[in-house]
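Enquirer: Data: upload35.tsv, TSV, C-alpha atoms.
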```
chain	number	residue	atom	x	y	z
A	1	LEU	CA	-158.11	-152.81	-99.41
A	2	ILE	CA	-161.79	-151.89	-99.11
A	3	TRP	CA	-162.77	-152.03	-95.44
A	4	GLU	CA	-161.85	-148.84	-93.63
A	5	ASN	CA	-160.49	-150.28	-90.41
A	6	ASP	CA	-157.02	-150.79	-88.98
A	7	GLY	CA	-157.19	-154.55	-88.47
A	8	ASN	CA	-154.40	-156.63	-87.00
A	9	LEU	CA	-151.96	-157.85	-89.64
A	10	LYS	CA	-150.06	-159.91	-87.08
A	11	ASN	CA	-152.94	-162.39	-86.71
A	12	LEU	CA	-151.27	-164.98	-88.88
A	13	MET	CA	-149.25	-168.16	-88.72
A	14	MET	CA	-146.43	-169.14	-91.02
A	15	ASP	CA	-145.41	-172.64	-91.99
A	16	PHE	CA	-142.77	-173.96	-94.35
A	17	PRO	CA	-144.05	-177.28	-95.72
A	18	GLU	CA	-141.42	-178.76	-98.03
A	19	GLY	CA	-139.41	-175.56	-97.67
A	20	LYS	CA	-142.15	-173.32	-99.13
A	21	LEU	CA	-143.73	-170.47	-97.21
A	22	SER	CA	-147.39	-170.90	-96.33
A	23	VAL	CA	-149.29	-168.10	-94.54
A	24	VAL	CA	-152.58	-168.74	-92.74
A	25	GLY	CA	-154.74	-166.01	-91.20
A	26	ILE	CA	-156.00	-166.69	-87.67
A	27	ASP	CA	-158.75	-165.15	-85.53
A	28	GLN	CA	-160.64	-164.26	-88.71
A	29	ALA	CA	-164.30	-163.33	-89.00
A	30	VAL	CA	-166.71	-163.00	-91.91
A	31	ARG	CA	-169.70	-160.70	-91.68
A	32	GLY	CA	-172.56	-160.49	-94.12
A	33	ILE	CA	-174.15	-157.23	-95.28
A	34	SER	CA	-177.88	-157.18	-94.59
A	35	SER	CA	-178.57	-153.68	-95.94
A	36	GLU	CA	-179.17	-153.42	-99.69
A	37	THR	CA	-177.65	-149.94	-99.60
A	38	GLY	CA	-174.61	-151.25	-97.75
A	39	LEU	CA	-174.16	-154.11	-100.20
A	40	ALA	CA	-174.45	-151.76	-103.18
A	41	LYS	CA	-171.82	-149.48	-101.60
A	42	TYR	CA	-169.49	-152.44	-101.02
A	43	LEU	CA	-169.84	-153.69	-104.60
A	44	CYS	CA	-169.20	-150.18	-105.92
A	45	SER	CA	-165.97	-150.05	-103.89
A	46	LEU	CA	-165.04	-153.47	-105.24
A	47	GLN	CA	-165.51	-152.25	-108.82
A	48	GLU	CA	-163.37	-149.20	-108.09
A	49	LEU	CA	-160.65	-151.46	-106.66
A	50	LEU	CA	-160.68	-153.69	-109.75
A	51	ARG	CA	-160.40	-150.71	-112.10
A	52	ALA	CA	-157.52	-149.33	-110.03
A	53	VAL	CA	-155.76	-152.70	-110.10
A	54	TRP	CA	-155.99	-152.77	-113.91
A	55	GLY	CA	-155.10	-149.11	-114.25
A	56	ALA	CA	-151.69	-147.50	-114.71
A	57	ASP	CA	-149.02	-147.94	-112.03
A	58	GLU	CA	-148.75	-144.30	-110.95
A	59	PRO	CA	-152.46	-143.80	-110.15
A	60	TRP	CA	-152.41	-147.15	-108.34
A	61	LEU	CA	-149.54	-145.94	-106.16
A	62	ARG	CA	-151.60	-142.88	-105.16
A	63	SER	CA	-154.89	-144.74	-104.76
A	64	SER	CA	-156.60	-145.00	-101.38
A	65	PHE	CA	-156.54	-148.81	-101.74
A	66	PHE	CA	-152.76	-149.07	-101.92
A	67	GLN	CA	-152.21	-146.30	-99.41
A	68	ARG	CA	-154.31	-148.14	-96.81
A	69	ILE	CA	-152.29	-151.33	-97.27
A	70	SER	CA	-148.97	-149.50	-97.26
A	71	SER	CA	-149.85	-147.58	-94.10
A	72	ALA	CA	-151.12	-150.70	-92.34
A	73	ILE	CA	-147.89	-152.57	-93.12
A	74	GLU	CA	-145.80	-149.68	-91.88
A	75	VAL	CA	-147.76	-149.32	-88.62
A	76	ASN	CA	-148.00	-153.03	-87.84
A	77	PHE	CA	-144.41	-153.91	-88.64
A	78	GLN	CA	-142.72	-150.62	-87.65
A	79	GLY	CA	-140.90	-150.17	-90.93
A	80	ASP	CA	-139.42	-153.69	-91.08
A	81	PHE	CA	-141.45	-154.45	-94.21
A	82	SER	CA	-142.66	-152.43	-97.18
A	83	VAL	CA	-144.95	-153.16	-100.11
A	84	HIS	CA	-143.73	-153.21	-103.69
A	85	ALA	CA	-146.65	-151.43	-105.35
A	86	VAL	CA	-146.34	-152.91	-108.86
A	87	SER	CA	-145.72	-156.48	-107.69
A	88	PHE	CA	-148.64	-156.22	-105.28
A	89	LYS	CA	-150.89	-154.98	-108.11
A	90	ARG	CA	-149.84	-157.85	-110.37
A	91	GLY	CA	-150.48	-160.33	-107.58
A	92	LEU	CA	-153.99	-158.95	-107.16
A	93	GLN	CA	-154.57	-159.25	-110.92
A	94	GLN	CA	-153.54	-162.91	-110.82
A	95	ALA	CA	-155.80	-163.63	-107.83
A	96	PHE	CA	-158.82	-161.88	-109.38
A	97	ARG	CA	-158.26	-163.62	-112.73
A	98	LEU	CA	-158.18	-167.04	-111.11
A	99	LEU	CA	-161.23	-166.34	-108.94
A	100	ALA	CA	-163.17	-165.13	-112.01
A	101	TRP	CA	-162.11	-168.26	-113.89
A	102	ARG	CA	-163.18	-170.59	-111.08
A	103	TRP	CA	-166.48	-168.74	-110.60
A	104	SER	CA	-167.22	-169.22	-114.30
A	105	CYS	CA	-166.50	-172.95	-113.96
A	106	ASP	CA	-167.14	-174.95	-110.79
A	107	LEU	CA	-166.90	-172.60	-107.83
A	108	ARG	CA	-170.46	-171.30	-108.03
A	109	SER	CA	-171.95	-174.80	-107.99
A	110	SER	CA	-169.91	-175.85	-104.94
A	111	LEU	CA	-171.08	-172.93	-102.79
A	112	ASP	CA	-174.32	-174.61	-101.67
A	113	GLU	CA	-172.37	-177.70	-100.64
A	114	SER	CA	-169.95	-175.52	-98.68
A	115	VAL	CA	-172.81	-173.84	-96.83
A	116	GLU	CA	-174.17	-177.26	-95.82
A	117	LYS	CA	-170.77	-178.37	-94.53
A	118	VAL	CA	-170.21	-175.17	-92.55
A	119	ALA	CA	-173.68	-175.48	-91.01
A	120	ALA	CA	-172.92	-179.06	-89.96
A	121	VAL	CA	-169.47	-178.32	-88.53
A	122	PHE	CA	-170.50	-175.24	-86.54
A	123	SER	CA	-174.01	-176.41	-85.64
A	124	CYS	CA	-175.74	-173.37	-87.06
A	125	LYS	CA	-178.79	-173.03	-89.26
A	126	GLU	CA	-178.23	-172.81	-92.99
A	127	ASP	CA	-180.54	-169.79	-93.11
A	128	GLU	CA	-178.03	-167.94	-90.93
A	129	LEU	CA	-175.38	-168.51	-93.58
A	130	ARG	CA	-177.43	-167.35	-96.55
A	131	LEU	CA	-176.54	-163.72	-95.83
A	132	HIS	CA	-172.87	-164.60	-96.15
A	133	GLN	CA	-173.57	-166.68	-99.25
A	134	GLY	CA	-175.34	-163.75	-100.85
A	135	LEU	CA	-172.33	-161.52	-100.21
A	136	VAL	CA	-169.94	-164.11	-101.70
A	137	GLU	CA	-172.15	-164.56	-104.77
A	138	ALA	CA	-172.51	-160.82	-105.32
A	139	ALA	CA	-168.78	-160.15	-104.88
A	140	ALA	CA	-167.69	-163.08	-107.06
A	141	THR	CA	-170.13	-162.13	-109.80
A	142	THR	CA	-168.92	-158.52	-109.71
A	143	ILE	CA	-165.28	-159.62	-109.93
A	144	THR	CA	-166.01	-162.00	-112.80
A	145	GLU	CA	-167.93	-159.40	-114.81
A	146	GLU	CA	-165.31	-156.69	-114.25
A	147	VAL	CA	-162.36	-158.95	-115.12
A	148	GLN	CA	-164.20	-160.01	-118.27
A	149	LYS	CA	-164.74	-156.38	-119.30
A	150	LEU	CA	-161.25	-155.23	-118.34
A	151	GLU	CA	-159.22	-157.92	-120.12
A	152	MET	CA	-160.60	-161.46	-120.51
A	153	ASN	CA	-162.73	-160.40	-123.48
A	154	LYS	CA	-159.47	-160.15	-125.45
A	155	ILE	CA	-159.18	-163.94	-125.38
A	156	PRO	CA	-161.21	-165.65	-128.17
A	157	LYS	CA	-164.38	-167.02	-126.57
A	158	HIS	CA	-164.04	-170.50	-128.10
A	159	MET	CA	-160.50	-170.72	-126.71
A	160	ALA	CA	-161.52	-169.62	-123.20
A	161	ASP	CA	-164.52	-171.98	-123.20
A	162	ALA	CA	-162.35	-174.94	-124.25
A	163	PHE	CA	-159.80	-174.31	-121.51
A	164	ARG	CA	-162.52	-173.77	-118.89
A	165	LYS	CA	-163.97	-177.17	-119.78
A	166	LEU	CA	-160.57	-178.87	-119.64
A	167	LEU	CA	-159.23	-177.00	-116.59
A	168	PRO	CA	-162.07	-175.85	-114.32
A	169	ARG	CA	-159.55	-175.28	-111.49
A	170	GLY	CA	-157.69	-172.89	-113.78
A	171	LEU	CA	-154.26	-174.39	-113.10
A	172	PHE	CA	-151.70	-176.15	-115.29
A	173	GLY	CA	-149.01	-178.39	-113.91
A	174	ARG	CA	-145.67	-177.05	-115.18
A	175	ASP	CA	-144.73	-180.36	-116.85
A	176	GLN	CA	-148.23	-180.62	-118.32
A	177	LEU	CA	-148.02	-177.17	-119.90
A	178	THR	CA	-144.47	-177.76	-121.16
A	179	LEU	CA	-145.68	-180.85	-123.00
A	180	LEU	CA	-148.73	-179.01	-124.36
A	181	LEU	CA	-146.56	-176.25	-125.85
A	182	HIS	CA	-144.35	-178.86	-127.48
A	183	LEU	CA	-147.37	-180.69	-128.94
A	184	LEU	CA	-148.87	-177.46	-130.28
A	185	ASP	CA	-145.62	-176.58	-132.05
A	186	SER	CA	-143.50	-179.59	-133.02
A	187	GLU	CA	-140.56	-177.30	-133.83
A	188	LEU	CA	-140.51	-176.11	-130.23
A	189	GLU	CA	-138.21	-178.37	-128.26
A	190	MET	CA	-139.17	-179.39	-124.73
A	191	SER	CA	-136.16	-177.49	-123.40
A	192	GLN	CA	-137.30	-174.35	-125.24
A	193	ALA	CA	-140.84	-174.70	-123.87
A	194	LYS	CA	-139.42	-175.10	-120.37
A	195	GLU	CA	-137.22	-172.02	-120.84
A	196	PHE	CA	-140.25	-170.03	-122.01
A	197	LEU	CA	-142.23	-170.96	-118.90
A	198	ASP	CA	-139.26	-170.35	-116.61
A	199	ARG	CA	-138.99	-166.84	-118.02
A	200	PHE	CA	-142.61	-165.81	-117.55
A	201	PHE	CA	-143.62	-168.03	-114.60
A	202	PRO	CA	-140.45	-168.47	-112.54
A	203	GLY	CA	-140.75	-170.82	-109.60
A	204	ASP	CA	-144.46	-171.62	-110.06
A	205	GLU	CA	-145.23	-175.34	-109.80
A	206	ASP	CA	-148.80	-174.67	-110.92
A	207	ILE	CA	-149.35	-172.07	-113.64
A	208	SER	CA	-152.56	-170.05	-113.85
A	209	CYS	CA	-154.47	-170.83	-117.03
A	210	PRO	CA	-155.98	-167.32	-117.34
A	211	ASP	CA	-152.52	-165.78	-116.82
A	212	PHE	CA	-151.13	-168.05	-119.53
A	213	LEU	CA	-153.91	-167.15	-121.99
A	214	GLN	CA	-153.40	-163.45	-121.25
A	215	LEU	CA	-149.72	-163.90	-122.11
A	216	LEU	CA	-150.50	-165.76	-125.35
A	217	PHE	CA	-152.91	-163.14	-126.61
A	218	GLY	CA	-150.88	-160.13	-125.53
A	219	ALA	CA	-153.54	-158.82	-123.17
A	220	GLY	CA	-151.65	-158.93	-119.89
```
For this file, write the structure as structure tokens.
Expert:
Amino acid sequence: LIWENDGNLKNLMMDFPEGKLSVVGIDQAVRGISSETGLAKYLCSLQELLRAVWGADEPWLRSSFFQRISSAIEVNFQGDFSVHAVSFKRGLQQAFRLLAWRWSCDLRSSLDESVEKVAAVFSCKEDELRLHQGLVEAAATTITEEVQKLEMNKIPKHMADAFRKLLPRGLFGRDQLTLLLHLLDSELEMSQAKEFLDRFFPGDEDISCPDFLQLLFGAG
């Protein structure tokens, strides 16, 4: 989406645990950005991506971000696959919402612990990982601030704060949310609550809390 290189989209493995598709990238690498100018340029591109993702569908289709992905898919898979632009955009919105939610809750505090574990597993100095940590922190903060400005500010703050405290992972179990809807509105039967969730979140065992709040407040 942002990096201007061809990459190798076939570096992946697919598994089907319990009949569900799971995709894992292999031969991956993470590089930090040591230059302040380079980091600023990267974050600027990230902001542009976020604004394109929350923009109208037609400009998104013409954007350099989508065109790079579409071209890469076409080249790597020789026309066997294509990208549905609108569905891809909505998927990115969901991913960015959830990351912003987690960063506002518990993800930031667990980063130091993750750095310690990586240093232990790969026998490298923690100082060597701080460059990568700085990139993660800067990118996650940028995503969180942009998502907040673009749409999350439409959710009442007291409501968002309450749900963040209750669900720091940002995920409802489907049965859990069905029961919650029924408890919030006693006239809403369990079957009606289930039908509501099936309509807007078909097939999802876990339902994104920020996506659900966006739906409730008419902001998504």
Enquirer: I'd like the contact shell of Leu150 of chain A - 10 Å cut-off, only C-alpha atoms, skipping same-chain residues fewer than 5 positions apart - returned as a PyMOL selection string.
Expert: chain A and resi 50-51+54-55+144-145+219
Enquirer: I need the residue nearest Phe200 of chain A from this list: A:Asp127, A:Leu215, A:Gly91, A:Ser186. Use only C-alpha atoms for the distance.
Expert: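 The shortest atom-to-atom distance to Phe200 of chain A comes from A:Leu215.
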Enquirer: Excluding segment 11-23 of chain A and any residue of its chain fewer than 3 positions from it, enumerate the residues within 12 Å of it, using only C-alpha atoms, and give them as a ChimeraX atom specification.
Expert: /A:7-8,26-29,76,203-205
Enquirer: Just C-alpha atoms for this one: save the residues we selected as a JSON list (two decimals), in the coordinates of the input.
Expert:
```json
[["chain", "number", "residue", "atom", "x", "y", "z"],
["A", 7, "GLY", "CA", -157.19, -154.55, -88.47],
["A", 8, "ASN", "CA", -154.40, -156.63, -87.00],
["A", 26, "ILE", "CA", -156.00, -166.69, -87.67],
["A", 27, "ASP", "CA", -158.75, -165.15, -85.53],
["A", 28, "GLN", "CA", -160.64, -164.26, -88.71],
["A", 29, "ALA", "CA", -164.30, -163.33, -89.00],
["A", 76, "ASN", "CA", -148.00, -153.03, -87.84],
["A", 203, "GLY", "CA", -140.75, -170.82, -109.60],
["A", 204, "ASP", "CA", -144.46, -171.62, -110.06],
["A", 205, "GLU", "CA", -145.23, -175.34, -109.80]]
```
Enquirer: Could you pull the residues within 12 Å of Ala100 of chain A, counting only C-alpha atoms, minus those fewer than 5 positions along the same chain, as a ChimeraX atom specification?
Expert: /A:50,93-95,105-108,137,139-152,164,168-170,208-211
Enquirer: One decimal, Å: what's the distance from atom CA of Thr178 of chain A over to atom CA of Arg199 of chain A, could you say?
Expert: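 It comes out at 12.6 Å.
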Enquirer: Expressed in Å to a single decimal, how great is the separation between atom CA of Leu1 of chain A and atom CA of Arg68 of chain A?
Expert: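 Atom CA of Leu1 of chain A sits 6.6 Å away from atom CA of Arg68 of chain A.
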Enquirer: If we count only C-alpha atoms and set the cut-off at 10 Å, which residues sit around Ser71 of chain A, ignoring sequence neighbours fewer than 6 positions away in its own chain? Please answer as a ChimeraX atom specification.
Expert: /A:6,77,79,82-83
Enquirer: A:Ala138, A:Ala119, A:Leu180, A:Leu197: which is nearest Gln47 of chain A, counting only C-alpha atoms?
Expert: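 Result for the nearest residue to Gln47 of chain A: A:Ala138.
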Enquirer: Using all atoms listed in the file for the distances, tell me which of A:Leu213, A:Leu92, A:Ala120, A:Leu99 is nearest to Asn153 of chain A.
Expert: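 Ranked by minimum distance to Asn153 of chain A, first place goes to A:Leu213.
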Enquirer: Which polymer residues, protein or nucleic acid, are no farther than 12 Å from (-166.8, -151.8, -101.0), counting all atoms listed in the file, as a ChimeraX atom specification?
Expert: /A:1-4,33,37-50,65,135,138-139,142-143
Enquirer: As an exercise, work out the distance from atom CA of Asp175 of chain A to atom CA of Lys194 of chain A in Å and give it to one decimal place.
Expert: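 Separating atom CA of Asp175 of chain A from atom CA of Lys194 of chain A is a distance of 8.3 Å.
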Enquirer: Excluding His84 of chain A and any residue of its chain fewer than 5 positions from it, enumerate the residues within 10 Å of it, using all atoms listed in the file, and give them as a list in words.
Expert: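 The filter keeps Leu61, Ser70 and Lys89 of chain A.
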Enquirer: Create the file for the chosen residues now, containing C-alpha atoms and written as a PDB file, in the coordinates of the input.
Expert:
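File selection24.pdb, as written:
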```pdb
ATOM      1  CA  LEU A  61    -149.540-145.940-106.160  1.00  0.00           C
ATOM      2  CA  SER A  70    -148.970-149.500 -97.260  1.00  0.00           C
ATOM      3  CA  LYS A  89    -150.890-154.980-108.110  1.00  0.00           C
TER       4      LYS A  89
END
```
Enquirer: For Gln214 of chain A, which residue out of A:Gly25, A:Pro156, A:Gly173, A:Pro202 is the nearest one, using only C-alpha atoms?
Expert: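 Nearest candidate to Gln214 of chain A out of A:Gly25, A:Pro156, A:Gly173, A:Pro202: A:Pro156.
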Enquirer: Quick one: of A:Ser104, A:Phe81, A:Ala160, A:Gln192, who's nearest to Ile69 of chain A, counting all atoms listed in the file?
Expert: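 Among the listed residues, the smallest separation from Ile69 of chain A belongs to A:Phe81.
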